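Okay, data13.pdb is below, PDB, C-alpha atoms:
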```pdb
ATOM      1  CA  MET G   1      19.547   3.403 -18.614
ATOM      2  CA  SER G   2      16.311   2.814 -16.738
ATOM      3  CA  ARG G   3      14.876  -0.617 -17.395
ATOM      4  CA  ILE G   4      11.653   0.135 -15.534
ATOM      5  CA  GLY G   5      11.190   3.599 -17.028
ATOM      6  CA  ASN G   6      11.554   2.369 -20.604
ATOM      7  CA  ASN G   7       8.826  -0.288 -20.293
ATOM      8  CA  PRO G   8       5.564   0.875 -21.875
ATOM      9  CA  ILE G   9       2.353   0.767 -19.814
ATOM     10  CA  VAL G  10      -0.487  -1.007 -21.622
ATOM     11  CA  ILE G  11      -3.812   0.739 -21.006
ATOM     12  CA  PRO G  12      -6.471  -1.876 -20.109
ATOM     13  CA  GLU G  13      -9.989  -1.794 -21.521
ATOM     14  CA  GLY G  14     -12.272   0.629 -19.697
ATOM     15  CA  VAL G  15      -9.432   2.879 -18.506
ATOM     16  CA  THR G  16      -8.776   6.377 -19.841
ATOM     17  CA  ILE G  17      -5.511   8.195 -19.245
ATOM     18  CA  THR G  18      -5.341  11.912 -19.999
ATOM     19  CA  GLN G  19      -2.654  14.545 -19.565
ATOM     20  CA  GLU G  20      -3.497  18.149 -18.691
ATOM     21  CA  GLY G  21      -0.284  20.105 -18.454
ATOM     22  CA  SER G  22       1.871  18.300 -15.885
ATOM     23  CA  VAL G  23      -1.043  16.360 -14.323
ATOM     24  CA  ILE G  24      -1.830  12.772 -15.359
ATOM     25  CA  LYS G  25      -5.432  11.601 -14.751
ATOM     26  CA  VAL G  26      -6.338   7.917 -14.763
ATOM     27  CA  LYS G  27     -10.033   7.050 -14.735
ATOM     28  CA  GLY G  28     -11.515   3.556 -14.461
ATOM     29  CA  ASN G  29     -14.409   1.627 -12.975
ATOM     30  CA  LEU G  30     -13.000   1.872  -9.391
ATOM     31  CA  GLY G  31     -12.449   5.617  -9.415
ATOM     32  CA  GLU G  32     -10.167   8.385 -10.623
ATOM     33  CA  LEU G  33      -6.574   9.092  -9.584
ATOM     34  CA  THR G  34      -4.283  12.003 -10.414
ATOM     35  CA  GLN G  35      -0.514  12.412 -10.291
ATOM     36  CA  ASP G  36       1.566  15.548 -10.804
ATOM     37  CA  ILE G  37       4.624  14.889 -12.988
ATOM     38  CA  ASP G  38       7.788  17.001 -13.106
ATOM     39  CA  SER G  39       7.560  17.967 -16.782
ATOM     40  CA  SER G  40      10.973  19.657 -16.760
ATOM     41  CA  ASP G  41      12.680  16.231 -16.706
ATOM     42  CA  ILE G  42      10.093  13.698 -17.982
ATOM     43  CA  THR G  43       7.789  13.679 -21.024
ATOM     44  CA  VAL G  44       4.736  11.424 -21.207
ATOM     45  CA  ASN G  45       3.378  10.091 -24.520
ATOM     46  CA  ILE G  46      -0.106   8.551 -24.615
ATOM     47  CA  GLU G  47      -0.912   6.821 -27.908
ATOM     48  CA  ASP G  48      -2.185   3.477 -29.276
ATOM     49  CA  ASN G  49      -3.350   2.180 -25.844
ATOM     50  CA  LYS G  50       0.174   2.592 -24.484
ATOM     51  CA  VAL G  51       1.858   5.112 -22.229
ATOM     52  CA  THR G  52       5.589   5.671 -22.643
ATOM     53  CA  LEU G  53       7.837   7.913 -20.607
ATOM     54  CA  SER G  54      11.100   9.460 -21.743
ATOM     55  CA  ARG G  55      13.561  11.749 -20.027
ATOM     56  CA  LYS G  56      14.959  14.959 -21.473
ATOM     57  CA  SER G  57      18.418  14.743 -19.907
ATOM     58  CA  ASP G  58      20.657  12.071 -18.461
ATOM     59  CA  SER G  59      21.132  13.693 -15.050
ATOM     60  CA  LYS G  60      20.888  11.594 -11.901
ATOM     61  CA  GLU G  61      17.629  13.298 -10.864
ATOM     62  CA  ALA G  62      15.998  12.735 -14.265
ATOM     63  CA  ARG G  63      17.040   9.065 -14.287
ATOM     64  CA  SER G  64      15.556   8.482 -10.829
ATOM     65  CA  LYS G  65      12.269  10.202 -11.735
ATOM     66  CA  HIS G  66      11.984   8.201 -14.976
ATOM     67  CA  GLY G  67      11.401   4.874 -13.237
ATOM     68  CA  LEU G  68       9.455   6.453 -10.376
ATOM     69  CA  TYR G  69       6.798   8.104 -12.535
ATOM     70  CA  ARG G  70       6.449   5.008 -14.698
ATOM     71  CA  ALA G  71       5.811   2.900 -11.576
ATOM     72  CA  LEU G  72       3.337   5.461 -10.183
ATOM     73  CA  ILE G  73       1.302   5.537 -13.421
ATOM     74  CA  ALA G  74       1.354   1.711 -13.637
ATOM     75  CA  ASN G  75       0.107   1.485 -10.022
ATOM     76  CA  MET G  76      -2.667   3.979 -10.807
ATOM     77  CA  THR G  77      -3.864   1.945 -13.823
ATOM     78  CA  GLN G  78      -3.870  -1.236 -11.739
ATOM     79  CA  GLY G  79      -5.662   0.586  -8.913
ATOM     80  CA  VAL G  80      -8.586   1.803 -11.021
ATOM     81  CA  THR G  81      -9.083  -1.612 -12.660
ATOM     82  CA  VAL G  82      -8.332  -4.260 -10.003
ATOM     83  CA  GLY G  83      -7.524  -2.265  -6.868
ATOM     84  CA  HIS G  84      -4.892  -2.771  -4.189
ATOM     85  CA  SER G  85      -5.289  -4.567  -0.880
ATOM     86  CA  LYS G  86      -3.405  -5.447   2.298
ATOM     87  CA  ILE G  87      -4.390  -7.952   4.971
ATOM     88  CA  LEU G  88      -3.290  -7.500   8.577
ATOM     89  CA  GLU G  89      -3.316 -10.321  11.108
ATOM     90  CA  LEU G  90      -3.714  -9.698  14.859
ATOM     91  CA  ARG G  91      -1.782 -12.335  16.811
ATOM     92  CA  GLY G  92      -2.166 -12.385  20.567
ATOM     93  CA  VAL G  93      -4.530 -13.448  23.335
ATOM     94  CA  GLY G  94      -7.533 -11.121  23.446
ATOM     95  CA  TYR G  95      -6.591  -9.175  20.309
ATOM     96  CA  ARG G  96      -9.756  -8.033  18.510
ATOM     97  CA  ALA G  97     -10.834  -5.751  15.670
ATOM     98  CA  ALA G  98     -14.272  -4.335  14.867
ATOM     99  CA  ILE G  99     -15.736  -1.807  12.457
ATOM    100  CA  GLN G 100     -18.013   0.773  14.073
ATOM    101  CA  GLY G 101     -19.490   3.104  11.476
ATOM    102  CA  LYS G 102     -16.613   4.990   9.830
ATOM    103  CA  SER G 103     -13.989   3.889  12.356
ATOM    104  CA  LEU G 104     -11.868   0.832  13.082
ATOM    105  CA  ASP G 105     -11.696  -0.196  16.741
ATOM    106  CA  ILE G 106      -8.836  -2.528  17.716
ATOM    107  CA  SER G 107      -7.920  -4.036  21.061
ATOM    108  CA  VAL G 108      -4.268  -5.102  21.170
ATOM    109  CA  GLY G 109      -3.322  -5.431  24.826
ATOM    110  CA  CYS G 110      -3.385  -1.745  25.805
ATOM    111  CA  SER G 111      -5.432  -0.386  28.694
ATOM    112  CA  HIS G 112      -7.832   1.147  26.151
ATOM    113  CA  ASN G 113      -9.069   0.389  22.639
ATOM    114  CA  ILE G 114      -7.373   2.176  19.740
ATOM    115  CA  VAL G 115      -9.736   3.846  17.262
ATOM    116  CA  PHE G 116      -8.759   4.748  13.668
ATOM    117  CA  ASP G 117     -10.854   6.939  11.378
ATOM    118  CA  ILE G 118     -11.201   5.133   8.046
ATOM    119  CA  PRO G 119     -10.448   7.348   5.017
ATOM    120  CA  GLN G 120     -13.345   7.749   2.572
ATOM    121  CA  GLU G 121     -11.395   6.216  -0.329
ATOM    122  CA  LEU G 122     -10.697   2.941   1.505
ATOM    123  CA  LYS G 123     -12.823  -0.106   2.245
ATOM    124  CA  VAL G 124     -11.938  -1.853   5.512
ATOM    125  CA  LEU G 125     -13.305  -5.198   6.744
ATOM    126  CA  ALA G 126     -12.653  -6.852  10.102
ATOM    127  CA  GLU G 127     -13.093 -10.641  10.188
ATOM    128  CA  THR G 128     -13.003 -12.824  13.260
ATOM    129  CA  GLU G 129     -13.197 -16.573  12.825
ATOM    130  CA  LYS G 130     -13.223 -18.914  15.800
ATOM    131  CA  GLY G 131      -9.856 -20.574  16.347
ATOM    132  CA  LYS G 132      -8.017 -18.178  14.002
ATOM    133  CA  SER G 133      -6.384 -14.780  14.363
ATOM    134  CA  PRO G 134      -8.589 -11.751  13.604
ATOM    135  CA  LEU G 135      -7.955 -10.225  10.164
ATOM    136  CA  ILE G 136      -8.235  -6.642   8.940
ATOM    137  CA  LYS G 137      -8.667  -6.354   5.152
ATOM    138  CA  ILE G 138      -7.866  -2.956   3.644
ATOM    139  CA  SER G 139      -8.619  -2.296  -0.022
ATOM    140  CA  GLY G 140      -8.784   0.731  -2.304
ATOM    141  CA  SER G 141      -7.647   2.131  -5.621
ATOM    142  CA  ASP G 142      -4.754   4.253  -4.269
ATOM    143  CA  LYS G 143      -1.801   1.980  -3.453
ATOM    144  CA  GLN G 144      -0.038   4.656  -1.419
ATOM    145  CA  LEU G 145      -3.078   5.299   0.784
ATOM    146  CA  VAL G 146      -3.723   1.562   1.344
ATOM    147  CA  GLY G 147      -0.104   0.979   2.375
ATOM    148  CA  ALA G 148       0.059   4.048   4.622
ATOM    149  CA  PHE G 149      -3.161   3.134   6.476
ATOM    150  CA  ALA G 150      -1.988  -0.473   6.949
ATOM    151  CA  ALA G 151       1.397   0.729   8.246
ATOM    152  CA  ARG G 152      -0.304   3.113  10.685
ATOM    153  CA  ILE G 153      -2.378   0.263  12.132
ATOM    154  CA  ARG G 154       0.661  -2.060  12.293
ATOM    155  CA  SER G 155       2.734   0.588  14.096
ATOM    156  CA  GLU G 156       0.433   0.398  17.137
ATOM    157  CA  ARG G 157       1.746  -3.073  18.063
ATOM    158  CA  LYS G 158       4.580  -4.372  15.888
ATOM    159  CA  PRO G 159       5.309  -8.114  16.134
ATOM    160  CA  GLU G 160       7.736  -8.840  18.940
ATOM    161  CA  PRO G 161      10.523 -11.417  18.434
ATOM    162  CA  TYR G 162       9.990 -13.641  21.490
ATOM    163  CA  LYS G 163       6.371 -14.810  21.238
ATOM    164  CA  GLY G 164       5.462 -13.306  17.863
ATOM    165  CA  LYS G 165       2.550 -11.316  19.318
ATOM    166  CA  GLY G 166       1.447  -8.159  17.540
ATOM    167  CA  ILE G 167      -0.033  -6.913  14.288
ATOM    168  CA  ARG G 168       1.608  -8.297  11.167
ATOM    169  CA  TYR G 169       0.926  -8.438   7.450
ATOM    170  CA  GLN G 170      -0.539 -11.747   6.356
ATOM    171  CA  GLY G 171       2.308 -13.990   5.214
ATOM    172  CA  GLU G 172       4.958 -11.877   6.971
ATOM    173  CA  TYR G 173       7.711 -13.928   8.578
ATOM    174  CA  VAL G 174       8.750 -12.859  12.066
ATOM    175  CA  ARG G 175      12.096 -14.314  13.144
ATOM    176  CA  LYS G 176      11.853 -15.522  16.716
ATOM    177  CA  LYS G 177      14.621 -15.274  19.288
ATOM    178  CA  ALA G 178      15.415 -17.759  21.999
ATOM    179  CA  GLY G 179      14.432 -16.562  25.459
ATOM    180  CA  LYS G 180      16.640 -16.541  28.519
ATOM    181  CA  THR G 181      17.648 -19.934  29.911
ATOM    182  CA  ALA G 182      17.756 -20.731  33.599
ATOM    183  CA  ALA G 183      21.144 -20.333  35.240
ATOM    184  CA  ALA G 184      22.937 -23.672  35.642
ATOM    185  CA  LYS G 185      24.003 -24.470  39.212
TER     186      LYS G 185
END
```

For the file at hand, write its structure as structure tokens.
Amino acid sequence: MSRIGNNPIVIPEGVTITQEGSVIKVKGNLGELTQDIDSSDITVNIEDNKVTLSRKSDSKEARSKHGLYRALIANMTQGVTVGHSKILELRGVGYRAAIQGKSLDISVGCSHNIVFDIPQELKVLAETEKGKSPLIKISGSDKQLVGAFAARIRSERKPEPYKGKGIRYQGEYVRKKAGKTAAAK
């Protein structure tokens, strides 16, 4: 029995959820998102400002999709009302980030700057405050796109365990290792 899949999704004010065949459309003040649902296993009921999902069989595949689609629709409703965001922190001497038009330019200790094209659906800000690590704030209505773009940036210089230098999510804990000790004579 899926505990997540059985929870109803309350539709907030200003959000409309419609179903056209196997496609669910969620429209709100921050945009419109769509999700294709496998209608052979899952049925979606939209009524009385609530969305409920039920499965047609009790197979392992249907049970796994039940909670998945419920979570995806809940993330879409949150995305079009409040939005999703991730904050990346650049820790290291000389690490910088800057927005240049529709691209993000970061300098993280390589021989050249790394340039990312910012997707149209996302809003990216680069903040540099004196005495603090530079921050990259990524926000948008699609949780999957926000997370994928943040992970792509982080993958350029993951935090290393000895000094903690690298790109990390804000609030992420990096366990540090002890370095080598001098040989005793």

Quick one: residues within 8 Å of Gln35 of chain G, only C-alpha atoms, excluding same-chain residues fewer than 5 positions away - as a PyMOL selection string? chain G and resi 23-25+72-73

Save the residues we just selected, C-alpha atoms, as a PDB file, keeping the file's coordinate frame?
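Final output, selection_14.pdb:
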```pdb
ATOM      1  CA  VAL G  23      -1.043  16.360 -14.323  1.00  0.00           C
ATOM      2  CA  ILE G  24      -1.830  12.772 -15.359  1.00  0.00           C
ATOM      3  CA  LYS G  25      -5.432  11.601 -14.751  1.00  0.00           C
ATOM      4  CA  LEU G  72       3.337   5.461 -10.183  1.00  0.00           C
ATOM      5  CA  ILE G  73       1.302   5.537 -13.421  1.00  0.00           C
TER       6      ILE G  73
END
```

Residues of segment 63-125 of chain G that have any atom at most 12 Å from an atom of segment 45-50 of chain G: could you tabulate them with the shortest-distance atom pair and the distance in Å to one decimal, using all atoms listed in the file, ordered by chain and increasing number, as a tab-separated table?
```
residue	atom	partner	partner_atom	distance
G:Arg70	CA	G:Asn45	CA	11.5
G:Ile73	CA	G:Lys50	CA	11.5
G:Ala74	CA	G:Lys50	CA	10.9
G:Thr77	CA	G:Lys50	CA	11.4
```

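Minimum distance to Gly92 of chain G across G:Glu160, G:Glu32, G:Asp142, G:Asp105 (counting only C-alpha atoms) occurs at G:Glu160.
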
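Comparing G:Thr16, G:Ser54, G:Ser103, G:Gln120 by their smallest distance to Val146 of chain G, the closest is G:Gln120 (using only C-alpha atoms).
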
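Residues surrounding segment 12-15 of chain G within 8 Å are Val26, Lys27, Gly28, Asn29, Asn49, Thr77, Val80 and Thr81 of chain G [all atoms listed in the file; sequence separation below 6 positions excluded].
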
Mind writing the picked residues with C-alpha atoms as a tab-separated table (two decimals), keeping the file's coordinate frame?
```
chain	number	residue	atom	x	y	z
G	26	VAL	CA	-6.34	7.92	-14.76
G	27	LYS	CA	-10.03	7.05	-14.74
G	28	GLY	CA	-11.52	3.56	-14.46
G	29	ASN	CA	-14.41	1.63	-12.98
G	49	ASN	CA	-3.35	2.18	-25.84
G	77	THR	CA	-3.86	1.94	-13.82
G	80	VAL	CA	-8.59	1.80	-11.02
G	81	THR	CA	-9.08	-1.61	-12.66
```

Residues near Gly109 of chain G, anyone? I mean within 12 Å using all atoms listed in the file, not counting same-chain ones fewer than 2 positions away, as a PyMOL selection string. chain G and resi 90-97+106-107+111-114+156-158+165-167

Do you know which residues the PyMOL selection byres ((chain G and resi 161) around 9) returns on this file, as a PyMOL selection string? chain G and resi 159-160+162-165+174-178

Students should find that atom CA of Ser57 of chain G and atom CA of Asp36 of chain G are spaced 19.2 Å

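Under the PyMOL selection byres ((chain G and resi 53) around 6), the matching residues in the shown file are Thr43, Val44, Thr52 and Ser54 of chain G.
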
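Within the 8 Å cut-off around Lys143 of chain G, using only C-alpha atoms and omitting residues fewer than 4 positions from it on the same chain, the listed residues are G:Asn75, G:Met76, G:Gly79, G:Gly83, G:His84, G:Ser85, G:Gly147.
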
Here atom CA of Lys137 of chain G and atom CA of Lys102 of chain G stand apart by 14.6 Å

Using all atoms listed in the file, which residues sit within 9 Å of Glu121 of chain G once same-chain residues fewer than 5 positions away are excluded, as a count of residues only? 5

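Counting all atoms listed in the file, the residue from G:Gln78, G:His66, G:Ala148, G:Ala71 that sits nearest to Ile11 of chain G is G:Gln78.
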
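Applied to the file shown here, the PyMOL selection byres ((chain G and resi 59-63) around 10) selects Met1, Ser2, Gly5, Asp38, Ser40, Asp41, Ile42, Ser54, Arg55, Lys56, Ser57, Asp58, Ser64, Lys65, His66, Gly67 and Leu68 of chain G.
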
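Among the candidates G:Ile17, G:Leu33, G:Ser155, G:Tyr69, the one nearest to Val108 of chain G when counting all atoms listed in the file is G:Ser155.
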